[in-house]
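Source file query.cif; content: mmCIF, C-alpha atoms.
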data_start
loop_
_atom_site.label_atom_id
_atom_site.label_comp_id
_atom_site.auth_asym_id
_atom_site.auth_seq_id
_atom_site.Cartn_x
_atom_site.Cartn_y
_atom_site.Cartn_z
CA MET N 19 116.19 98.37 53.09
CA LEU N 20 119.87 99.05 52.74
CA MET N 21 121.71 96.16 51.16
CA ALA N 22 125.29 95.51 52.13
CA GLY N 23 127.48 96.98 49.43
CA THR N 24 125.01 99.61 48.26
CA SER N 25 127.00 102.44 46.77
CA SER N 26 126.46 106.02 47.75
CA SER N 27 125.15 106.94 44.29
CA GLU N 28 122.36 104.37 44.66
CA PHE N 29 121.57 105.30 48.24
CA ILE N 30 119.49 108.43 47.66
CA PRO N 31 117.49 107.28 44.60
CA HIS N 32 116.78 104.05 46.46
CA HIS N 33 115.49 105.94 49.48
CA LEU N 34 113.32 108.17 47.30
CA GLN N 35 111.36 105.21 45.91
CA HIS N 36 107.89 104.61 47.21
CA LEU N 37 106.48 101.19 47.93
CA ARG N 38 103.97 101.13 45.09
CA TYR N 39 101.10 98.83 44.25
CA ASP N 40 99.65 98.77 40.76
CA VAL N 41 95.89 98.49 41.23
CA VAL N 42 95.08 97.73 37.59
CA ALA N 43 97.77 95.10 37.07
CA GLY N 44 97.25 93.75 40.59
CA GLU N 45 100.93 93.51 41.45
CA TRP N 46 103.71 95.45 43.13
CA ALA N 47 105.15 98.06 40.80
CA HIS N 48 108.91 98.11 40.41
CA ALA N 49 109.77 100.74 37.87
CA THR N 50 108.24 104.19 37.92
CA ASP N 51 107.02 105.09 34.48
CA GLY N 52 106.24 108.75 34.11
CA ILE N 53 105.45 111.29 36.80
CA VAL N 54 101.69 110.82 36.74
CA ASN N 55 100.27 107.32 36.84
CA PHE N 56 96.91 106.91 38.50
CA HIS N 57 97.18 103.11 38.58
CA LEU N 58 99.75 103.24 41.34
CA ILE N 59 99.07 103.54 45.04
CA ASN N 60 101.85 104.57 47.40
CA VAL N 61 101.28 101.90 50.02
CA ASP N 62 103.90 103.25 52.45
CA THR N 63 102.30 106.70 52.46
CA MET N 64 98.83 105.26 53.02
CA VAL N 65 99.94 102.96 55.83
CA MET N 66 101.96 105.58 57.67
CA GLY N 67 99.35 108.30 57.21
CA LEU N 68 96.56 106.10 58.53
CA LEU N 69 98.74 104.86 61.39
CA MET N 70 99.50 108.43 62.46
CA GLY N 71 95.82 109.36 62.22
CA LEU N 72 94.94 106.35 64.34
CA LEU N 73 97.62 107.27 66.87
CA PHE N 74 96.21 110.79 67.13
CA PHE N 75 92.67 109.52 67.61
CA THR N 76 93.61 106.93 70.23
CA LEU N 77 95.73 109.39 72.20
CA PHE N 78 93.10 112.10 72.30
CA TYR N 79 90.20 109.67 72.74
CA SER N 80 91.81 107.99 75.72
CA ALA N 81 92.65 111.38 77.22
CA ALA N 82 89.06 112.49 76.79
CA ARG N 83 87.71 109.25 78.30
CA LYS N 84 89.95 109.43 81.33
CA ALA N 85 89.63 113.19 81.84
CA THR N 86 88.87 114.33 85.36
CA ALA N 87 87.64 117.67 86.59
CA GLY N 88 90.03 117.37 89.51
CA VAL N 89 93.80 117.57 89.38
CA PRO N 90 94.80 116.41 85.89
CA GLY N 91 97.64 113.99 85.32
CA LYS N 92 100.60 114.86 83.13
CA PHE N 93 99.08 113.25 80.05
CA GLN N 94 95.77 115.02 80.45
CA ALA N 95 97.52 118.33 81.10
CA PHE N 96 99.52 117.94 77.91
CA ILE N 97 96.44 117.20 75.81
CA GLU N 98 94.65 120.12 77.44
CA ILE N 99 97.52 122.45 76.56
CA VAL N 100 97.40 121.37 72.92
CA VAL N 101 93.62 121.70 72.67
CA GLU N 102 93.59 125.10 74.34
CA PHE N 103 96.47 126.37 72.21
CA ILE N 104 94.67 125.44 69.00
CA ASP N 105 91.35 126.78 70.27
CA ASN N 106 92.94 130.14 71.06
CA ARG N 107 94.55 130.37 67.62
CA VAL N 108 91.22 129.61 65.96
CA LYS N 109 89.45 132.14 68.18
CA GLU N 110 91.86 134.86 67.07
CA VAL N 111 91.26 134.28 63.38
CA PHE N 112 87.70 133.06 63.17
CA HIS N 113 84.79 134.87 64.76
CA GLY N 114 81.71 132.76 65.08
CA ASP N 115 80.62 129.26 65.90
CA ARG N 116 83.80 127.18 66.02
CA ARG N 117 82.32 123.84 67.08
CA PHE N 118 83.41 122.43 63.72
CA LEU N 119 86.45 124.55 62.91
CA ALA N 120 88.38 124.13 66.17
CA PRO N 121 88.31 120.30 66.09
CA LEU N 122 89.21 120.44 62.39
CA ALA N 123 92.18 122.65 63.17
CA LEU N 124 93.21 120.35 66.02
CA THR N 125 93.04 117.31 63.75
CA ILE N 126 95.04 118.97 60.99
CA PHE N 127 97.70 120.25 63.35
CA CYS N 128 98.21 117.01 65.26
CA TRP N 129 98.03 114.80 62.20
CA VAL N 130 100.49 116.86 60.17
CA VAL N 131 102.87 117.17 63.11
CA LEU N 132 102.76 113.42 63.77
CA MET N 133 103.33 112.63 60.10
CA ASN N 134 106.17 115.16 59.88
CA ALA N 135 107.72 113.71 63.03
CA MET N 136 108.37 110.46 61.14
CA ASP N 137 111.26 112.33 59.54
CA LEU N 138 113.11 112.11 62.85
CA LEU N 139 113.28 108.31 62.74
CA PRO N 140 116.75 107.04 61.83
CA ILE N 141 116.87 107.00 58.07
CA ASP N 142 117.43 103.28 57.54
CA VAL N 143 115.42 101.80 60.40
CA PRO N 144 111.93 101.96 58.82
CA GLY N 145 113.34 100.54 55.60
CA MET N 146 114.98 97.69 57.50
CA VAL N 147 111.79 96.84 59.37
CA ALA N 148 109.75 96.95 56.17
CA GLY N 149 112.50 95.04 54.37
CA ALA N 150 112.28 92.27 56.97
CA ALA N 151 108.58 92.05 56.07
CA GLY N 152 109.52 91.74 52.39
CA ALA N 153 109.00 95.29 51.14
CA GLU N 154 111.41 96.59 48.53
CA HIS N 155 111.16 100.25 49.45
CA PHE N 156 109.58 102.08 52.33
CA ARG N 157 109.37 105.86 52.69
CA VAL N 158 108.25 106.50 56.20
CA LEU N 159 107.46 110.20 55.81
CA PRO N 160 103.93 110.61 54.40
CA THR N 161 104.12 114.40 54.05
CA ALA N 162 107.15 114.14 51.75
CA ASP N 163 104.76 112.56 49.27
CA ILE N 164 103.04 115.20 47.18
CA ASN N 165 99.91 113.03 47.03
CA THR N 166 99.33 113.40 50.77
CA THR N 167 99.76 117.14 50.86
CA PHE N 168 97.57 117.71 47.83
CA ALA N 169 94.89 115.40 49.22
CA MET N 170 94.83 117.46 52.40
CA SER N 171 94.88 120.84 50.69
CA LEU N 172 92.18 119.87 48.18
CA THR N 173 90.01 118.76 51.09
CA VAL N 174 90.60 122.20 52.57
CA LEU N 175 89.51 123.75 49.27
CA VAL N 176 86.28 121.74 49.39
CA LEU N 177 85.70 122.96 52.95
CA VAL N 178 86.37 126.57 51.92
CA LEU N 179 83.81 126.30 49.12
CA PHE N 180 81.33 124.51 51.39
CA PHE N 181 81.54 127.14 54.11
CA ALA N 182 81.39 129.99 51.61
CA VAL N 183 78.23 128.54 50.05
CA LYS N 184 76.77 127.81 53.46
CA ALA N 185 77.33 131.38 54.65
CA LYS N 186 76.24 133.21 51.50
CA GLY N 187 73.93 130.76 49.76
CA LEU N 188 74.54 129.44 46.28
CA GLY N 189 73.27 132.64 44.67
CA GLY N 190 75.33 134.90 46.88
CA PHE N 191 78.45 132.88 46.29
CA GLY N 192 77.89 132.87 42.53
CA HIS N 193 77.18 136.58 42.57
CA GLU N 194 80.43 137.24 44.41
CA LEU N 195 82.32 134.99 42.02
CA VAL N 196 81.56 137.23 39.04
CA THR N 197 81.33 140.65 40.70
CA ALA N 198 83.71 140.58 43.65
CA PRO N 199 86.98 142.45 43.21
CA PHE N 200 86.24 145.03 40.49
CA GLY N 201 82.50 145.63 40.39
CA ALA N 202 79.17 144.46 39.07
CA HIS N 203 79.44 145.91 35.54
CA PRO N 204 78.80 143.07 33.02
CA ALA N 205 82.04 143.86 31.15
CA LEU N 206 83.94 143.06 34.33
CA TRP N 207 82.35 139.66 34.91
CA ILE N 208 84.97 137.67 33.04
CA PRO N 209 88.06 139.30 34.63
CA ASN N 210 86.38 139.03 38.04
CA PHE N 211 85.64 135.36 37.53
CA ALA N 212 89.15 134.61 36.25
CA LEU N 213 90.74 136.37 39.21
CA ASN N 214 88.52 134.54 41.70
CA VAL N 215 89.29 131.16 40.15
CA VAL N 216 93.03 131.83 40.28
CA GLU N 217 92.70 132.98 43.88
CA LEU N 218 90.78 129.83 44.82
CA LEU N 219 93.20 127.48 43.08
CA ALA N 220 96.32 129.21 44.41
CA LYS N 221 95.30 128.35 47.96
CA PRO N 222 95.49 124.53 47.81
CA VAL N 223 98.54 124.61 45.55
CA SER N 224 100.53 126.85 47.88
CA LEU N 225 99.39 124.92 50.97
CA ALA N 226 100.38 121.57 49.49
CA MET N 227 103.64 122.72 47.92
CA ARG N 228 104.76 124.44 51.10
CA LEU N 229 104.37 121.37 53.27
CA PHE N 230 105.71 119.01 50.62
CA GLY N 231 108.72 121.18 49.81
CA ASN N 232 109.71 121.58 53.42
CA MET N 233 109.47 117.91 54.29
CA TYR N 234 111.02 116.65 51.04
CA ALA N 235 113.97 119.00 51.39
CA GLY N 236 114.36 118.05 55.04
CA GLU N 237 114.33 114.35 54.23
CA LEU N 238 116.91 114.85 51.49
CA VAL N 239 119.26 116.74 53.76
CA PHE N 240 119.11 113.83 56.21
CA MET N 241 119.98 111.50 53.33
CA LEU N 242 122.87 113.70 52.26
CA ILE N 243 124.17 113.66 55.83
CA ALA N 244 123.86 109.87 55.80
CA LEU N 245 126.19 109.82 52.79
CA LEU N 246 128.98 110.88 55.14
CA GLY N 247 128.72 107.39 56.59
CA PHE N 248 129.67 105.98 53.20
CA ALA N 249 132.65 108.33 53.08
CA ALA N 250 133.67 107.12 56.55
CA THR N 251 133.54 103.42 55.61
CA GLY N 252 135.44 104.26 52.42
CA SER N 253 138.17 105.96 54.43
CA PHE N 254 138.39 103.08 56.92
CA ALA N 255 138.60 100.60 54.04
CA SER N 256 141.52 102.46 52.48
CA GLY N 257 143.32 102.78 55.79
CA GLY N 258 142.56 106.42 56.57
CA VAL N 259 141.48 106.04 60.21
CA GLY N 260 141.81 109.75 60.98
CA SER N 261 139.65 110.95 58.09
CA GLY N 262 137.18 108.12 58.77
CA ILE N 263 136.70 109.29 62.35
CA ALA N 264 136.37 112.86 61.11
CA PHE N 265 133.64 111.82 58.68
CA LEU N 266 131.80 109.89 61.41
CA PHE N 267 132.03 112.81 63.80
CA GLY N 268 130.81 115.15 61.06
CA GLN N 269 127.87 112.89 60.35
CA VAL N 270 126.78 112.79 63.99
CA ALA N 271 127.27 116.52 64.50
CA MET N 272 125.44 117.52 61.32
CA ALA N 273 122.60 115.08 61.94
CA LEU N 274 122.17 116.49 65.44
CA ALA N 275 122.24 120.09 64.19
CA TRP N 276 119.83 119.50 61.33
CA GLY N 277 117.63 117.31 63.53
CA GLY N 278 117.33 120.09 66.07
CA PHE N 279 116.49 122.63 63.39
CA HIS N 280 114.09 120.20 61.81
CA ILE N 281 112.04 119.83 65.00
CA ILE N 282 111.17 123.53 64.64
CA ILE N 283 110.22 123.01 60.97
CA ILE N 284 108.05 120.00 61.85
CA LEU N 285 106.00 121.96 64.37
CA LEU N 286 106.02 125.16 62.33
CA GLN N 287 104.75 123.55 59.15
CA GLY N 288 101.94 121.78 60.99
CA PHE N 289 101.05 125.09 62.64
CA ILE N 290 101.15 127.03 59.36
CA PHE N 291 98.99 124.47 57.59
CA MET N 292 96.46 124.67 60.40
CA VAL N 293 96.41 128.49 60.66
CA LEU N 294 96.14 128.98 56.91
CA THR N 295 93.28 126.49 56.71
CA VAL N 296 91.37 128.45 59.33
CA VAL N 297 92.25 131.76 57.65
CA TYR N 298 91.09 130.56 54.24
CA ILE N 299 87.84 129.19 55.61
CA SER N 300 87.03 132.34 57.54
CA MET N 301 88.02 134.50 54.54
CA GLY N 302 85.66 132.53 52.33
CA GLN N 303 82.90 132.87 54.86
CA GLU N 304 83.23 136.58 55.47
CA GLY N 305 83.30 137.65 51.84
CA HIS N 306 84.34 140.94 50.37
CA MET A 17 124.52 109.80 23.40
CA GLN A 18 127.18 110.49 26.01
CA GLN A 19 127.34 114.08 24.83
CA TYR A 20 123.60 114.55 25.17
CA ILE A 21 123.67 113.14 28.69
CA ALA A 22 126.56 115.42 29.60
CA LEU A 23 124.72 118.39 28.10
CA ILE A 24 121.57 117.69 30.09
CA GLN A 25 123.54 117.14 33.26
CA ALA A 26 125.48 120.36 32.79
CA TYR A 27 122.38 122.47 32.24
CA THR A 28 120.58 120.74 35.10
CA ALA A 29 123.48 121.44 37.44
CA LEU A 30 123.43 125.10 36.41
CA GLY A 31 119.69 125.21 36.95
CA ILE A 32 119.98 123.65 40.40
CA GLY A 33 122.59 126.19 41.40
CA ILE A 34 120.48 129.10 40.15
CA ILE A 35 117.32 127.80 41.85
CA ILE A 36 118.97 127.35 45.24
CA GLY A 37 121.12 130.47 45.00
CA LEU A 38 118.40 132.91 43.99
CA GLY A 39 115.95 131.31 46.41
CA ALA A 40 118.43 131.68 49.25
CA ILE A 41 118.98 135.35 48.40
CA GLY A 42 115.27 136.02 48.50
CA ALA A 43 114.65 134.10 51.70
CA CYS A 44 117.60 135.75 53.45
CA ILE A 45 116.50 139.25 52.48
CA GLY A 46 112.99 138.44 53.64
CA ILE A 47 114.09 137.01 56.98
CA GLY A 48 116.50 139.91 57.45
CA ILE A 49 113.86 142.57 56.87
CA MET A 50 111.38 140.78 59.10
CA GLY A 51 113.93 140.19 61.86
CA SER A 52 115.05 143.82 61.90
CA LYS A 53 111.46 145.05 61.99
CA PHE A 54 110.68 142.61 64.79
CA LEU A 55 113.61 143.85 66.86
CA GLU A 56 112.65 147.46 66.18
CA SER A 57 109.08 146.96 67.27
CA ALA A 58 110.12 144.85 70.26
CA ALA A 59 112.42 147.65 71.40
CA ARG A 60 109.66 150.19 70.92
CA GLN A 61 106.94 148.18 72.66
CA PRO A 62 108.42 145.33 74.72
CA GLU A 63 105.00 144.35 76.09
CA LEU A 64 103.93 143.23 72.60
CA MET A 65 106.86 140.83 72.28
CA PRO A 66 105.08 137.49 72.92
CA ARG A 67 102.41 138.22 70.33
CA LEU A 68 104.94 139.51 67.81
CA GLN A 69 107.14 136.48 68.37
CA GLY A 70 104.29 134.14 67.47
CA SER A 71 103.54 135.88 64.22
CA MET A 72 107.25 136.23 63.47
CA PHE A 73 107.73 132.46 63.58
CA LEU A 74 104.65 131.97 61.45
CA LEU A 75 105.95 134.42 58.86
CA ALA A 76 109.43 132.92 59.01
CA GLY A 77 107.86 129.62 57.99
CA LEU A 78 106.00 131.33 55.16
CA ILE A 79 109.11 133.15 53.92
CA ASP A 80 111.19 129.99 54.10
CA ALA A 81 108.58 127.97 52.30
CA ALA A 82 109.16 129.25 48.77
CA PHE A 83 112.89 128.73 49.18
CA LEU A 84 112.47 125.21 50.53
CA ILE A 85 110.07 124.32 47.74
CA GLY A 86 112.80 125.47 45.37
CA VAL A 87 115.36 123.36 47.21
CA ALA A 88 113.08 120.33 47.03
CA ILE A 89 112.56 120.75 43.29
CA ALA A 90 116.28 121.31 42.76
CA MET A 91 117.11 118.19 44.78
CA PHE A 92 114.54 116.25 42.80
CA PHE A 93 116.34 117.26 39.63
CA ALA A 94 119.69 116.39 41.16
CA PHE A 95 118.79 112.84 42.16
CA ALA A 96 115.96 111.77 39.89
CA ASN A 97 116.25 113.95 36.83
CA PRO A 98 113.08 113.41 34.77
CA LEU A 99 114.70 115.00 31.70
CA LEU A 100 117.49 112.44 31.80
CA ALA A 101 115.02 109.60 32.32
CA ARG A 102 113.26 110.65 29.16
CA LEU A 103 116.52 110.29 27.22
CA ALA A 104 117.02 106.77 28.52
CA GLY A 105 113.47 105.65 27.83
#

Will you turn the file into structure tokens for me?
Amino acid sequence: MLMAGTSSSEFIPHHLQHLRYDVVAGEWAHATDGIVNFHLINVDTMVMGLLMGLLFFTLFYSAARKATAGVPGKFQAFIEIVVEFIDNRVKEVFHGDRRFLAPLALTIFCWVVLMNAMDLLPIDVPGMVAGAAGAEHFRVLPTADINTTFAMSLTVLVLVLFFAVKAKGLGGFGHELVTAPFGAHPALWIPNFALNVVELLAKPVSLAMRLFGNMYAGELVFMLIALLGFAATGSFASGGVGSGIAFLFGQVAMALAWGGFHIIIILLQGFIFMVLTVVYISMGQEGH
Amino acid sequence: MQQYIALIQAYTALGIGIIIGLGAIGACIGIGIMGSKFLESAARQPELMPRLQGSMFLLAGLIDAAFLIGVAIAMFFAFANPLLARLAG
């Protein structure tokens, strides 16, 4: 919610605040104390993430219910293109039964893309709508919250471990954990194990940080562009009509340019998250 | 107190500049090498272009990622500096 008379120096910190609920205290949290506080829930992230998931499910469910074997409509054709595209990507990377992996990849791709796409909403509109409902802050972009991305990537880690254990058995997986890169000599067990643990942990961290960094940076650039609007009103207020119009024009042009570029990033990051998930799972399954 | 704040701000600003600058150098070199190799291989075997294009975009996203993570962290320090918040608290 953008109050009238908000200064430009307050604009960005204000827009970076989550709508937080303190579960332990049972009240809305106003100040953020510390970086890590497990009492707080980012309500805006949860609501938007679940909404986007629901949107994905309803869209694809209704398409599947109404699907015909005859001439498909535009909607069905679109859904078919998406499903086939993802299925082909998975087929390239993963050789085997993909009855679980292909739908997983489809879910990840569509969900991440839908959540990322929230970045294209005008920067103040979600805040205004939420503000009308009485919310102090509202960040509409769930993937610019590190909690979302880490939740997704840690789930992927669990799946990687699950599929590795399923393919090799608990003994086989444990054996590989201590003998894999260097060899089975007992003196090499500890370095092997350390290397494997680092390798396993690097996967979710890089997945989560990549998506978070891209979306956070993208959101911030939109906010910086929005600051030009403040410069424009400042110029108009002090009588500089020419510079005010220049600022306004600059804001529109830069927002268009960055928005166009950002559409690529939105799709690309969803795609990368999906492909890497499949790659990690098939790597874990195939072994060394 | 003012001096300490100024000191932290100055060092943070330097850090932000170094993070974004060095990250941009790395990402640009990476994209440049990949782009030139892509054009080379596309000229050598034009029939492979669609497949190469797909993996090129994928890799472009991967190369960009480290830089953009750096930008995000730098921006975080620019607008919500945790070091400065510690001084206030």

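Matched in the shown structure by the PyMOL selection byres ((chain N) within 6 of (chain A)): Arg228, Gly231, Asn232, Tyr234 and Ala235 of chain N.
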
Step by step, gather every atom of segment 149-168 of chain N that the file lists, find the box along x, y and z that holds them, add 5 Å on each side, and finally give centre and edge lengths in Å to one decimal, as AutoDock Vina command-line options.
--center_x 105.0 --center_y 104.7 --center_z 52.0 --size_x 24.9 --size_y 36.0 --size_z 19.9

In Å and to one decimal, atom CA of Met64 of chain N is distant from atom CA of Phe156 of chain N by 11.2 Å

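Put simply, atom CA of Phe96 of chain N is 14.7 Å away from atom CA of Thr76 of chain N.
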
task: I need the residue set behind the PyMOL selection byres ((chain N and resi 194) around 9) for this file; please write it as an NGL selection string.
output: :N and (189-193 or 195-199 or 210-211 or 214 or 305-306)

In terms of all atoms listed in the file, the residue from A:Leu100, A:Leu38, A:Leu68, A:Ile49 at minimal distance from Ile21 of chain A is A:Leu100

Name the residues that the PyMOL selection byres ((chain N and resi 56) around 10) picks from the file above, as an NGL selection string, using the file's chain letters and numbers. :N and (40-42 or 53-55 or 57-59)

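Going from atom CA of Gly268 of chain N over to atom CA of Leu246 of chain N, you cover 7.5 Å.
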
Residue with the minimum atom-to-atom distance to Phe248 of chain N, picked from N:Phe29, N:Phe78, N:Phe168, N:Phe200 with only C-alpha atoms counted, is N:Phe29
